[in-house]
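Student: I am attaching a structure below and will ask some questions about it afterwards.
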Amino acid sequence: MGNDKQPLTAEQVTQYLAEHSDFFLNQPDALEKVQLSESPAGTISLAQRQLERIQNKNTQLQEQLHALIDNARQNAELQSRVHQLCLRLMDAQSLDVLFSMLSNELKQEFKADEIALRLFCTGDIVPAMPETSDNISQLHADDDSLQVFDGILAKQQPVCGRLTKAQKTVLFADHVDEVHSVACIPLGHDPCAGLLAIASYDANRFHADMATDYLSFLGDIIMRLLRTHAHHQHGE
């Protein structure tokens with residue numbers, strides 16, 4: 001009769017050793033049959049190898065902990081900056097002053113390289129806007145170019161990270177290839193009043209781990225200020 005026994009697989013051996021972690025303590029002779037890789041200093045023991053694995057895991061955990069601490073610190077700083085920024089914006093006396101403050105203050109507080117503001121209008125009549133050299137303009141809410149932002153606008157939440165080239169073209173036509181990370185903030189809800197983008201040439205400046213609660217708050221404040229000033233301007 002043939003040999004019906006099937007050879008053990010590496011997965012079965014690994015599972016058995018995991019369930020019997022004291023195997024080599026109870027069967028010391030088995031160590032003599034185990035082949036270990038060599039280092040320049042000679043053959044290492046299982047205990048040494050285990051220690052190295054534990055040390056590597058500890059190093060990884062330490063790096064993850066430091067990353068969490070750094071993110072928490074950055075988020076705390078973001079909270080403070082947004083709070084102070086909102087207070088300054090609320091002192092703007094007119095829409096043109098507010099536009100100027102938005103561009104200058106956002107660049108300064110967020111260490112940003114570019115700012116874009118796209119305000120959405122509806123209906124056939126496009127409200128007049130103050131002339132400005134900043135990257136601020138109006139788009140009709142049904143403009144086809146805005147379709148690339150459908151995902152962001154549908155969530156009605158800020159998004160931090162990288163945008164597609166099509167999205168950057170709508171916001172930063174003259175700096176598409178320079179902009180590498182963006183905090184994109186929808187302004188208001190149902191309907192959305194516009195889109196604010198704070199951009200950096202640094203790919204790591206705005207990332208997915210950044211807190212967005214205070215960016216949402218900033219967006220709500222800016223939306224209300226824009227509507228208030230626009231109402232006063234058209235009412236005059």
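If you're wondering about the labels, chains in the structure tokens are A, B, ... by order shown, residues count from 1 in each chain, ligands from 1 in order shown.
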Output as an mmCIF file with N, CA and C atoms, in the first residue's frame all residues of region 9-209 of chain A that backbone DSSP marks as alpha helix (DSSP H).
Tutor:
data_model
loop_
_atom_site.group_PDB
_atom_site.id
_atom_site.type_symbol
_atom_site.label_atom_id
_atom_site.label_comp_id
_atom_site.auth_asym_id
_atom_site.auth_seq_id
_atom_site.Cartn_x
_atom_site.Cartn_y
_atom_site.Cartn_z
ATOM 1 N N ALA A 10 3.448 24.684 5.641
ATOM 2 C CA ALA A 10 4.041 25.716 6.496
ATOM 3 C C ALA A 10 2.982 26.369 7.371
ATOM 4 N N GLU A 11 1.759 26.520 6.831
ATOM 5 C CA GLU A 11 0.673 27.135 7.598
ATOM 6 C C GLU A 11 0.289 26.260 8.795
ATOM 7 N N GLN A 12 0.281 24.923 8.592
ATOM 8 C CA GLN A 12 -0.068 24.012 9.685
ATOM 9 C C GLN A 12 0.992 24.053 10.777
ATOM 10 N N VAL A 13 2.274 24.086 10.361
ATOM 11 C CA VAL A 13 3.360 24.149 11.355
ATOM 12 C C VAL A 13 3.270 25.451 12.137
ATOM 13 N N THR A 14 3.032 26.559 11.418
ATOM 14 C CA THR A 14 2.923 27.866 12.082
ATOM 15 C C THR A 14 1.759 27.877 13.070
ATOM 16 N N GLN A 15 0.619 27.308 12.656
ATOM 17 C CA GLN A 15 -0.551 27.251 13.531
ATOM 18 C C GLN A 15 -0.270 26.424 14.772
ATOM 19 N N TYR A 16 0.407 25.290 14.593
ATOM 20 C CA TYR A 16 0.707 24.418 15.735
ATOM 21 C C TYR A 16 1.626 25.128 16.723
ATOM 22 N N LEU A 17 2.680 25.780 16.218
ATOM 23 C CA LEU A 17 3.614 26.470 17.104
ATOM 24 C C LEU A 17 2.936 27.647 17.806
ATOM 25 N N ALA A 18 1.986 28.271 17.117
ATOM 26 C CA ALA A 18 1.254 29.377 17.746
ATOM 27 C C ALA A 18 0.406 28.871 18.901
ATOM 28 N N GLU A 19 -0.131 27.649 18.751
ATOM 29 C CA GLU A 19 -0.981 27.071 19.801
ATOM 30 C C GLU A 19 -0.159 26.385 20.891
ATOM 31 N N PHE A 23 6.649 24.819 22.864
ATOM 32 C CA PHE A 23 7.087 23.581 22.219
ATOM 33 C C PHE A 23 8.594 23.370 22.353
ATOM 34 N N PHE A 24 9.383 24.410 22.034
ATOM 35 C CA PHE A 24 10.834 24.239 22.070
ATOM 36 C C PHE A 24 11.372 24.167 23.490
ATOM 37 N N LEU A 25 10.592 24.648 24.469
ATOM 38 C CA LEU A 25 10.994 24.487 25.864
ATOM 39 C C LEU A 25 10.816 23.037 26.297
ATOM 40 N N ASN A 26 9.731 22.433 25.854
ATOM 41 C CA ASN A 26 9.445 21.047 26.215
ATOM 42 C C ASN A 26 10.183 20.041 25.340
ATOM 43 N N LEU A 46 16.659 31.268 18.358
ATOM 44 C CA LEU A 46 15.253 31.635 18.224
ATOM 45 C C LEU A 46 14.906 32.764 19.182
ATOM 46 N N ALA A 47 15.487 32.729 20.362
ATOM 47 C CA ALA A 47 15.216 33.779 21.345
ATOM 48 C C ALA A 47 15.694 35.131 20.819
ATOM 49 N N GLN A 48 16.871 35.134 20.152
ATOM 50 C CA GLN A 48 17.368 36.383 19.583
ATOM 51 C C GLN A 48 16.474 36.888 18.471
ATOM 52 N N ARG A 49 16.036 35.949 17.636
ATOM 53 C CA ARG A 49 15.158 36.334 16.543
ATOM 54 C C ARG A 49 13.836 36.879 17.070
ATOM 55 N N GLN A 50 13.294 36.225 18.101
ATOM 56 C CA GLN A 50 12.047 36.686 18.704
ATOM 57 C C GLN A 50 12.221 38.077 19.284
ATOM 58 N N LEU A 51 13.388 38.297 19.929
ATOM 59 C CA LEU A 51 13.660 39.605 20.516
ATOM 60 C C LEU A 51 13.724 40.682 19.435
ATOM 61 N N GLU A 52 14.345 40.358 18.295
ATOM 62 C CA GLU A 52 14.433 41.315 17.205
ATOM 63 C C GLU A 52 13.047 41.680 16.681
ATOM 64 N N ARG A 53 12.175 40.672 16.558
ATOM 65 C CA ARG A 53 10.816 40.924 16.076
ATOM 66 C C ARG A 53 10.056 41.815 17.045
ATOM 67 N N ILE A 54 10.210 41.552 18.340
ATOM 68 C CA ILE A 54 9.538 42.367 19.357
ATOM 69 C C ILE A 54 10.060 43.802 19.306
ATOM 70 N N GLN A 55 11.386 43.950 19.163
ATOM 71 C CA GLN A 55 11.970 45.292 19.091
ATOM 72 C C GLN A 55 11.479 46.040 17.858
ATOM 73 N N ASN A 56 11.362 45.333 16.720
ATOM 74 C CA ASN A 56 10.860 45.969 15.495
ATOM 75 C C ASN A 56 9.414 46.423 15.668
ATOM 76 N N LYS A 57 8.603 45.558 16.324
ATOM 77 C CA LYS A 57 7.211 45.929 16.568
ATOM 78 C C LYS A 57 7.121 47.129 17.499
ATOM 79 N N ASN A 58 7.983 47.151 18.529
ATOM 80 C CA ASN A 58 7.984 48.282 19.451
ATOM 81 C C ASN A 58 8.376 49.573 18.737
ATOM 82 N N THR A 59 9.343 49.461 17.816
ATOM 83 C CA THR A 59 9.757 50.636 17.048
ATOM 84 C C THR A 59 8.604 51.154 16.198
ATOM 85 N N GLN A 60 7.883 50.236 15.552
ATOM 86 C CA GLN A 60 6.738 50.632 14.734
ATOM 87 C C GLN A 60 5.657 51.293 15.579
ATOM 88 N N LEU A 61 5.404 50.722 16.771
ATOM 89 C CA LEU A 61 4.393 51.299 17.653
ATOM 90 C C LEU A 61 4.810 52.689 18.124
ATOM 91 N N GLN A 62 6.107 52.869 18.401
ATOM 92 C CA GLN A 62 6.596 54.176 18.823
ATOM 93 C C GLN A 62 6.418 55.205 17.705
ATOM 94 N N GLU A 63 6.703 54.785 16.467
ATOM 95 C CA GLU A 63 6.547 55.697 15.332
ATOM 96 C C GLU A 63 5.082 56.071 15.150
ATOM 97 N N GLN A 64 4.182 55.087 15.302
ATOM 98 C CA GLN A 64 2.757 55.374 15.179
ATOM 99 C C GLN A 64 2.295 56.314 16.285
ATOM 100 N N LEU A 65 2.803 56.120 17.497
ATOM 101 C CA LEU A 65 2.432 56.984 18.624
ATOM 102 C C LEU A 65 2.892 58.412 18.373
ATOM 103 N N HIS A 66 4.137 58.565 17.898
ATOM 104 C CA HIS A 66 4.642 59.909 17.612
ATOM 105 C C HIS A 66 3.814 60.579 16.520
ATOM 106 N N ALA A 67 3.394 59.800 15.517
ATOM 107 C CA ALA A 67 2.572 60.361 14.442
ATOM 108 C C ALA A 67 1.234 60.835 14.984
ATOM 109 N N LEU A 68 0.627 60.057 15.904
ATOM 110 C CA LEU A 68 -0.641 60.450 16.508
ATOM 111 C C LEU A 68 -0.482 61.723 17.331
ATOM 112 N N ILE A 69 0.619 61.811 18.072
ATOM 113 C CA ILE A 69 0.874 63.003 18.890
ATOM 114 C C ILE A 69 1.065 64.228 18.001
ATOM 115 N N ASP A 70 1.813 64.057 16.901
ATOM 116 C CA ASP A 70 2.032 65.173 15.973
ATOM 117 C C ASP A 70 0.719 65.630 15.354
ATOM 118 N N ASN A 71 -0.134 64.674 14.969
ATOM 119 C CA ASN A 71 -1.427 65.026 14.388
ATOM 120 C C ASN A 71 -2.304 65.762 15.392
ATOM 121 N N ALA A 72 -2.274 65.286 16.651
ATOM 122 C CA ALA A 72 -3.070 65.934 17.701
ATOM 123 C C ALA A 72 -2.586 67.370 17.925
ATOM 124 N N ARG A 73 -1.272 67.558 17.906
ATOM 125 C CA ARG A 73 -0.714 68.903 18.092
ATOM 126 C C ARG A 73 -1.111 69.813 16.930
ATOM 127 N N GLN A 74 -1.006 69.295 15.710
ATOM 128 C CA GLN A 74 -1.389 70.087 14.540
ATOM 129 C C GLN A 74 -2.875 70.445 14.567
ATOM 130 N N ASN A 75 -3.699 69.496 14.999
ATOM 131 C CA ASN A 75 -5.140 69.754 15.058
ATOM 132 C C ASN A 75 -5.475 70.792 16.113
ATOM 133 N N ALA A 76 -4.750 70.768 17.240
ATOM 134 C CA ALA A 76 -4.971 71.766 18.296
ATOM 135 C C ALA A 76 -4.572 73.158 17.796
ATOM 136 N N GLU A 77 -3.468 73.219 17.057
ATOM 137 C CA GLU A 77 -3.039 74.496 16.498
ATOM 138 C C GLU A 77 -4.046 74.998 15.463
ATOM 139 N N LEU A 78 -4.581 74.069 14.678
ATOM 140 C CA LEU A 78 -5.590 74.434 13.684
ATOM 141 C C LEU A 78 -6.819 75.022 14.346
ATOM 142 N N GLN A 79 -7.260 74.433 15.447
ATOM 143 C CA GLN A 79 -8.424 74.932 16.176
ATOM 144 C C GLN A 79 -8.211 76.381 16.605
ATOM 145 N N SER A 80 -7.050 76.658 17.162
ATOM 146 C CA SER A 80 -6.762 78.011 17.642
ATOM 147 C C SER A 80 -6.706 79.007 16.488
ATOM 148 N N ARG A 81 -6.059 78.628 15.382
ATOM 149 C CA ARG A 81 -5.942 79.534 14.239
ATOM 150 C C ARG A 81 -7.299 79.851 13.633
ATOM 151 N N VAL A 82 -8.136 78.825 13.494
ATOM 152 C CA VAL A 82 -9.459 79.033 12.903
ATOM 153 C C VAL A 82 -10.301 79.944 13.786
ATOM 154 N N HIS A 83 -10.221 79.765 15.093
ATOM 155 C CA HIS A 83 -10.986 80.603 16.021
ATOM 156 C C HIS A 83 -10.595 82.078 15.868
ATOM 157 N N GLN A 84 -9.296 82.356 15.876
ATOM 158 C CA GLN A 84 -8.834 83.733 15.756
ATOM 159 C C GLN A 84 -9.148 84.307 14.383
ATOM 160 N N LEU A 85 -9.039 83.476 13.355
ATOM 161 C CA LEU A 85 -9.331 83.927 12.000
ATOM 162 C C LEU A 85 -10.785 84.339 11.853
ATOM 163 N N CYS A 86 -11.683 83.548 12.403
ATOM 164 C CA CYS A 86 -13.113 83.869 12.310
ATOM 165 C C CYS A 86 -13.423 85.198 12.973
ATOM 166 N N LEU A 87 -12.788 85.466 14.097
ATOM 167 C CA LEU A 87 -13.017 86.731 14.789
ATOM 168 C C LEU A 87 -12.570 87.911 13.924
ATOM 169 N N ARG A 88 -11.433 87.760 13.243
ATOM 170 C CA ARG A 88 -10.944 88.853 12.398
ATOM 171 C C ARG A 88 -11.849 89.046 11.177
ATOM 172 N N LEU A 89 -12.297 87.963 10.590
ATOM 173 C CA LEU A 89 -13.164 88.066 9.418
ATOM 174 C C LEU A 89 -14.481 88.749 9.754
ATOM 175 N N LEU A 95 -17.953 93.733 1.508
ATOM 176 C CA LEU A 95 -17.654 92.511 0.779
ATOM 177 C C LEU A 95 -16.256 92.543 0.172
ATOM 178 N N ASP A 96 -15.857 93.699 -0.378
ATOM 179 C CA ASP A 96 -14.526 93.767 -0.973
ATOM 180 C C ASP A 96 -13.440 93.637 0.080
ATOM 181 N N VAL A 97 -13.682 94.198 1.271
ATOM 182 C CA VAL A 97 -12.726 94.034 2.371
ATOM 183 C C VAL A 97 -12.664 92.572 2.805
ATOM 184 N N LEU A 98 -13.816 91.931 2.852
ATOM 185 C CA LEU A 98 -13.869 90.515 3.232
ATOM 186 C C LEU A 98 -13.103 89.658 2.231
ATOM 187 N N PHE A 99 -13.265 89.917 0.929
ATOM 188 C CA PHE A 99 -12.536 89.164 -0.093
ATOM 189 C C PHE A 99 -11.023 89.301 0.108
ATOM 190 N N SER A 100 -10.587 90.527 0.319
ATOM 191 C CA SER A 100 -9.164 90.774 0.509
ATOM 192 C C SER A 100 -8.635 90.067 1.755
ATOM 193 N N MET A 101 -9.429 90.124 2.835
ATOM 194 C CA MET A 101 -9.018 89.477 4.074
ATOM 195 C C MET A 101 -8.950 87.962 3.912
ATOM 196 N N LEU A 102 -9.919 87.406 3.186
ATOM 197 C CA LEU A 102 -9.937 85.959 3.000
ATOM 198 C C LEU A 102 -8.650 85.479 2.352
ATOM 199 N N SER A 103 -8.264 86.135 1.282
ATOM 200 C CA SER A 103 -7.065 85.725 0.568
ATOM 201 C C SER A 103 -5.817 85.873 1.427
ATOM 202 N N ASN A 104 -5.645 87.029 2.037
ATOM 203 C CA ASN A 104 -4.436 87.302 2.821
ATOM 204 C C ASN A 104 -4.383 86.492 4.115
ATOM 205 N N GLU A 105 -5.502 86.465 4.835
ATOM 206 C CA GLU A 105 -5.519 85.802 6.141
ATOM 207 C C GLU A 105 -5.377 84.281 6.006
ATOM 208 N N LEU A 106 -6.057 83.709 5.011
ATOM 209 C CA LEU A 106 -5.987 82.254 4.846
ATOM 210 C C LEU A 106 -4.582 81.808 4.445
ATOM 211 N N LYS A 107 -3.938 82.562 3.584
ATOM 212 C CA LYS A 107 -2.570 82.229 3.198
ATOM 213 C C LYS A 107 -1.636 82.282 4.400
ATOM 214 N N GLN A 108 -1.828 83.302 5.221
ATOM 215 C CA GLN A 108 -0.958 83.465 6.377
ATOM 216 C C GLN A 108 -1.214 82.396 7.438
ATOM 217 N N GLU A 109 -2.468 82.189 7.796
ATOM 218 C CA GLU A 109 -2.785 81.292 8.904
ATOM 219 C C GLU A 109 -2.555 79.824 8.557
ATOM 220 N N ASP A 150 -18.769 66.922 -7.735
ATOM 221 C CA ASP A 150 -20.026 66.340 -7.260
ATOM 222 C C ASP A 150 -19.832 65.517 -5.990
ATOM 223 N N GLY A 151 -18.764 64.729 -5.935
ATOM 224 C CA GLY A 151 -18.518 63.888 -4.753
ATOM 225 C C GLY A 151 -18.285 64.719 -3.509
ATOM 226 N N ILE A 152 -17.475 65.772 -3.625
ATOM 227 C CA ILE A 152 -17.178 66.646 -2.485
ATOM 228 C C ILE A 152 -18.424 67.408 -2.048
ATOM 229 N N LEU A 153 -19.154 67.960 -3.017
ATOM 230 C CA LEU A 153 -20.340 68.750 -2.686
ATOM 231 C C LEU A 153 -21.457 67.885 -2.119
ATOM 232 N N ALA A 154 -21.538 66.635 -2.567
ATOM 233 C CA ALA A 154 -22.581 65.744 -2.056
ATOM 234 C C ALA A 154 -22.363 65.427 -0.581
ATOM 235 N N LYS A 155 -21.106 65.284 -0.172
ATOM 236 C CA LYS A 155 -20.803 64.977 1.229
ATOM 237 C C LYS A 155 -20.976 66.192 2.128
ATOM 238 N N LYS A 165 -6.555 66.610 -11.559
ATOM 239 C CA LYS A 165 -6.126 67.718 -12.408
ATOM 240 C C LYS A 165 -7.326 68.517 -12.895
ATOM 241 N N ALA A 166 -8.436 67.835 -13.183
ATOM 242 C CA ALA A 166 -9.648 68.531 -13.627
ATOM 243 C C ALA A 166 -10.163 69.462 -12.540
ATOM 244 N N GLN A 167 -10.128 69.009 -11.290
ATOM 245 C CA GLN A 167 -10.581 69.843 -10.176
ATOM 246 C C GLN A 167 -9.660 71.039 -9.981
ATOM 247 N N LYS A 168 -8.353 70.795 -10.051
ATOM 248 C CA LYS A 168 -7.396 71.895 -9.883
ATOM 249 C C LYS A 168 -7.513 72.904 -11.019
ATOM 250 N N THR A 169 -7.883 72.446 -12.209
ATOM 251 C CA THR A 169 -8.027 73.358 -13.339
ATOM 252 C C THR A 169 -9.146 74.364 -13.093
ATOM 253 N N VAL A 170 -10.237 73.918 -12.482
ATOM 254 C CA VAL A 170 -11.348 74.812 -12.165
ATOM 255 C C VAL A 170 -10.939 75.853 -11.121
ATOM 256 N N LEU A 171 -10.102 75.440 -10.181
ATOM 257 C CA LEU A 171 -9.757 76.314 -9.061
ATOM 258 C C LEU A 171 -8.470 77.098 -9.261
#
Student: DSSP on the backbone, strand (DSSP E or B) only: what residues of region 3-235 of chain A does that give? Format it as a PDB file with C-alpha atoms, in the first residue's frame.
Tutor:
ATOM      1  CA  GLU A  38      23.195  33.172   9.587  1.00  0.00           C
ATOM      2  CA  SER A  39      24.352  36.697  10.249  1.00  0.00           C
ATOM      3  CA  GLY A  42      27.181  33.641  13.266  1.00  0.00           C
ATOM      4  CA  THR A  43      23.969  31.701  13.779  1.00  0.00           C
ATOM      5  CA  GLU A 114      -2.855  79.657  -3.218  1.00  0.00           C
ATOM      6  CA  ILE A 115      -6.454  80.485  -2.296  1.00  0.00           C
ATOM      7  CA  ALA A 116      -9.458  79.967  -4.543  1.00  0.00           C
ATOM      8  CA  LEU A 117     -13.053  80.960  -3.896  1.00  0.00           C
ATOM      9  CA  ARG A 118     -15.851  79.965  -6.258  1.00  0.00           C
ATOM     10  CA  LEU A 119     -19.273  81.372  -5.406  1.00  0.00           C
ATOM     11  CA  PHE A 120     -22.354  79.712  -6.877  1.00  0.00           C
ATOM     12  CA  CYS A 121     -25.231  81.704  -8.277  1.00  0.00           C
ATOM     13  CA  ILE A 136     -12.323  84.769  -6.556  1.00  0.00           C
ATOM     14  CA  SER A 137     -15.103  84.365  -9.094  1.00  0.00           C
ATOM     15  CA  GLN A 138     -18.711  83.301  -9.603  1.00  0.00           C
ATOM     16  CA  LEU A 139     -19.994  80.200 -11.351  1.00  0.00           C
ATOM     17  CA  HIS A 140     -23.549  79.239 -12.069  1.00  0.00           C
ATOM     18  CA  VAL A 159     -11.792  67.252   2.110  1.00  0.00           C
ATOM     19  CA  CYS A 160      -8.036  67.446   2.655  1.00  0.00           C
ATOM     20  CA  GLY A 161      -5.437  65.911   0.383  1.00  0.00           C
ATOM     21  CA  SER A 181      -2.317  69.385  -1.696  1.00  0.00           C
ATOM     22  CA  VAL A 182      -5.564  71.180  -0.914  1.00  0.00           C
ATOM     23  CA  ALA A 183      -8.109  71.737   1.849  1.00  0.00           C
ATOM     24  CA  CYS A 184     -11.390  71.973  -0.061  1.00  0.00           C
ATOM     25  CA  ILE A 185     -14.339  73.407   1.904  1.00  0.00           C
ATOM     26  CA  PRO A 186     -17.966  73.528   0.719  1.00  0.00           C
ATOM     27  CA  LEU A 187     -19.675  76.710   1.883  1.00  0.00           C
ATOM     28  CA  GLY A 194     -19.701  78.034  -2.984  1.00  0.00           C
ATOM     29  CA  LEU A 195     -16.378  76.276  -2.661  1.00  0.00           C
ATOM     30  CA  LEU A 196     -13.283  77.499  -0.820  1.00  0.00           C
ATOM     31  CA  ALA A 197      -9.908  75.900  -1.556  1.00  0.00           C
ATOM     32  CA  ILE A 198      -6.732  76.454   0.472  1.00  0.00           C
ATOM     33  CA  ALA A 199      -3.790  75.038  -1.475  1.00  0.00           C
ATOM     34  CA  SER A 200      -0.103  74.321  -1.000  1.00  0.00           C
TER      35      SER A 200
END
Student: How many Å separate CA of His175 (chain A) from CA of Tyr201 (chain A)?
Tutor: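 Taking CA of His175 (chain A) as the start and CA of Tyr201 (chain A) as the end point, the length is 9.3 Å.
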Student: Using only C-alpha atoms, which of the listed residues (A:Asn204, A:Thr212, A:Ser133, A:Ser145) sits closest to Gln157 (chain A)?
Tutor: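 The closest residue to Gln157 (chain A) is A:Thr212.
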Student: CA of Val179 (chain A) to CA of Leu163 (chain A): how many Å, to one decimal?
Tutor: 9.0 Å
